[in-house]
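Working notes, beginning with the structure itself.
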Amino acid sequence: MTNGMYAGDITKLERDRFNNELKLFVNRRLFDKHIISEDMYNAAKDLLMKQVG
């Protein structure tokens, strides 16, 4: 199925939550591989959590 088929089914809030979860996942992977520091990870996590809540 294509993304177009789901476009009407996903609300803006759900899309924002998914995007933030994806960003957190990517940042976590970067942190695990020692590409970013713990401070950078925590700062990004805090910023994204404020956007959701």
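Lettering and numbering for the structure tokens are positional, with chains as A, B, ... in the shown order, residues counted from 1 in each chain, and ligands counted from 1 in the shown order.
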
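When the distance limit is 8 Å and only C-alpha atoms are what count, the residues near region 40-49 of chain A, minus those fewer than 4 positions from it on the same chain, are Asn20, Leu24, Asn27, Arg28, Phe31, Ile36 and Gly53 of chain A.
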
### Task
Calculate how many Å separate CA of Thr11 (chain A) from CA of Gln51 (chain A), rounding to one decimal.
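Answer for the CA of Thr11 (chain A) to CA of Gln51 (chain A) separation: 15.9 Å.
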
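Closest to Lys12 (chain A) among A:Val52, A:Leu30, A:Phe25, A:Ser37 is A:Val52, based on only C-alpha atoms.
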
### Task
Pick out each residue of chain A that DSSP on the backbone tags as alpha helix (DSSP H); I need them as an MDAnalysis selection string.
chainID A and resid 3:6 12:32 38:52
